[in-house]
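A short write-up of the structure that comes next.
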Amino acid sequence: MKNCTSAKPTNMRIKNNGLINDKYELIVKEFQTIITVLYLLLIGIGMIFSYSKYSQFGINIFQYSDAFDFLLTPFRDITIFLFSFITILLVYLVFILNKFTKKKFSKFYNSKFYFGLNKSYPILSIFVSFVLYLYIFSGGYGRLSKKRMIENPNNVEIILTNGKIKKGNLIGKNNGYVFLLENNNVNIYPIASSISLIKINSYE
């Protein structure tokens, strides 16, 4: 009898530990999924903003970038990173607000003053709003970046492998190329094959 009664708490502890471990693994997996999704959103937003910035100078940045360039895009520009973080936060808040309105203010939610699309297709509504939001603000970011660069030029001096020296206003750079504005002309220099040295702010 003693053996039977003493085995029950042990079995319960084993079961409880198993449940705790299962819950812990589930939480970890969910957290990893959330982090992965957020990082992919950061990359996507960073790509859109980078395209908008370089397109102001007639550059299709996708033609001069590889996957690794875009993996680092959100962290190369603090403006893009902050905007991406705020954007993701706003999307989450809009989704929560929509659920809260539906639950607590059902009359208003079903009234003509509330968006019909929001009632029928909340996910689609948020997605469409998100795309429009990105389109508007990425365009603004691109124009602002160009204006800021022209008003506060980031002058650089590039020494090419053939000894020639190029001076201009730095538009930007990635792992493969330097984009330079020289006398209102945009020139693109491959880093590996053309450039031996880059001097930043080397002249007034």
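Labeling convention for the structure tokens: chains A, B, ... as they appear, residues from 1 per chain, ligands from 1 in order of appearance.
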
- Give me the residues within 9 Å of Asn162 of chain A as a ChimeraX atom specification, counting only C-alpha atoms and dropping any in the same chain fewer than 2 places off. /A:159-160,164-165,194-196

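The space separating atom CA of Gln63 of chain A from atom CA of Gly142 of chain A comes to 17.8 Å.
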
- Best match for closeness to Tyr177 of chain A among A:Ile96, A:Ala67, A:Ile43, A:Ile61, counting only C-alpha atoms: A:Ile61

- Query: Which polymer residues have any atom within 8 Å of an atom of segment 77-92 of chain A, counting only C-alpha atoms, with same-chain residues fewer than 4 positions away left out, as a list in words?
  - Reply: Leu38, Leu41, Leu42, Ile45, Gly46, Phe49, Thr73, Ile96, Ile126 and Phe130 of chain A

What would the file look like if the residues just selected were written as a tab-separated table (two decimals), in the first residue's frame with N, CA and C atoms?
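Output below, filename part08.tsv:
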chain	number	residue	atom	x	y	z
A	38	LEU	N	8.21	39.58	-37.58
A	38	LEU	CA	8.55	40.99	-37.39
A	38	LEU	C	9.80	41.35	-38.18
A	41	LEU	N	8.96	41.64	-41.79
A	41	LEU	CA	8.28	42.91	-42.03
A	41	LEU	C	9.27	44.06	-42.07
A	42	LEU	N	10.24	44.04	-41.17
A	42	LEU	CA	11.27	45.08	-41.16
A	42	LEU	C	12.03	45.09	-42.49
A	45	ILE	N	9.67	46.44	-45.31
A	45	ILE	CA	9.51	47.89	-45.22
A	45	ILE	C	10.81	48.58	-45.62
A	46	GLY	N	11.93	48.04	-45.17
A	46	GLY	CA	13.23	48.60	-45.53
A	46	GLY	C	13.46	48.59	-47.03
A	49	PHE	N	11.34	51.38	-48.64
A	49	PHE	CA	11.88	52.71	-48.37
A	49	PHE	C	13.19	52.94	-49.13
A	73	THR	N	19.20	46.30	-44.37
A	73	THR	CA	18.59	47.60	-44.68
A	73	THR	C	17.94	48.29	-43.48
A	96	ILE	N	-6.21	45.57	-32.88
A	96	ILE	CA	-6.78	45.47	-31.54
A	96	ILE	C	-7.97	46.41	-31.39
A	126	ILE	N	-7.19	46.05	-43.09
A	126	ILE	CA	-5.93	46.46	-42.47
A	126	ILE	C	-4.79	46.34	-43.47
A	130	PHE	N	-2.53	49.32	-44.78
A	130	PHE	CA	-1.09	49.20	-44.55
A	130	PHE	C	-0.31	49.50	-45.82

I'd like the contact shell of segment 50-57 of chain A - 8 Å cut-off, only C-alpha atoms, skipping same-chain residues fewer than 6 positions apart - returned as a tab-separated table (two decimals) with C-alpha atoms, in the first residue's frame.
chain	number	residue	atom	x	y	z
A	73	THR	CA	18.59	47.60	-44.68
A	138	SER	CA	7.82	55.81	-48.34
A	139	GLY	CA	7.33	58.39	-51.08
A	141	TYR	CA	10.75	59.56	-47.09
A	142	GLY	CA	12.33	59.38	-50.55
A	143	ARG	CA	11.65	63.05	-51.29
A	145	SER	CA	16.04	62.07	-48.19
A	146	LYS	CA	16.82	63.73	-51.52
A	171	ILE	CA	23.69	59.14	-52.36
A	186	VAL	CA	24.35	59.95	-61.01

- Extract, using only C-alpha atoms, all DNA, RNA and protein residues at most 9 Å from Met149 of chain A, discarding same-chain residues fewer than 4 positions from it, and format them as a count of residues only. 7

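Minimum atom-to-atom distances from A:Asn184, A:Asn155, A:Thr33, A:Asn60 to Ile200 of chain A were compared using only C-alpha atoms, and the lowest value belongs to A:Asn155.
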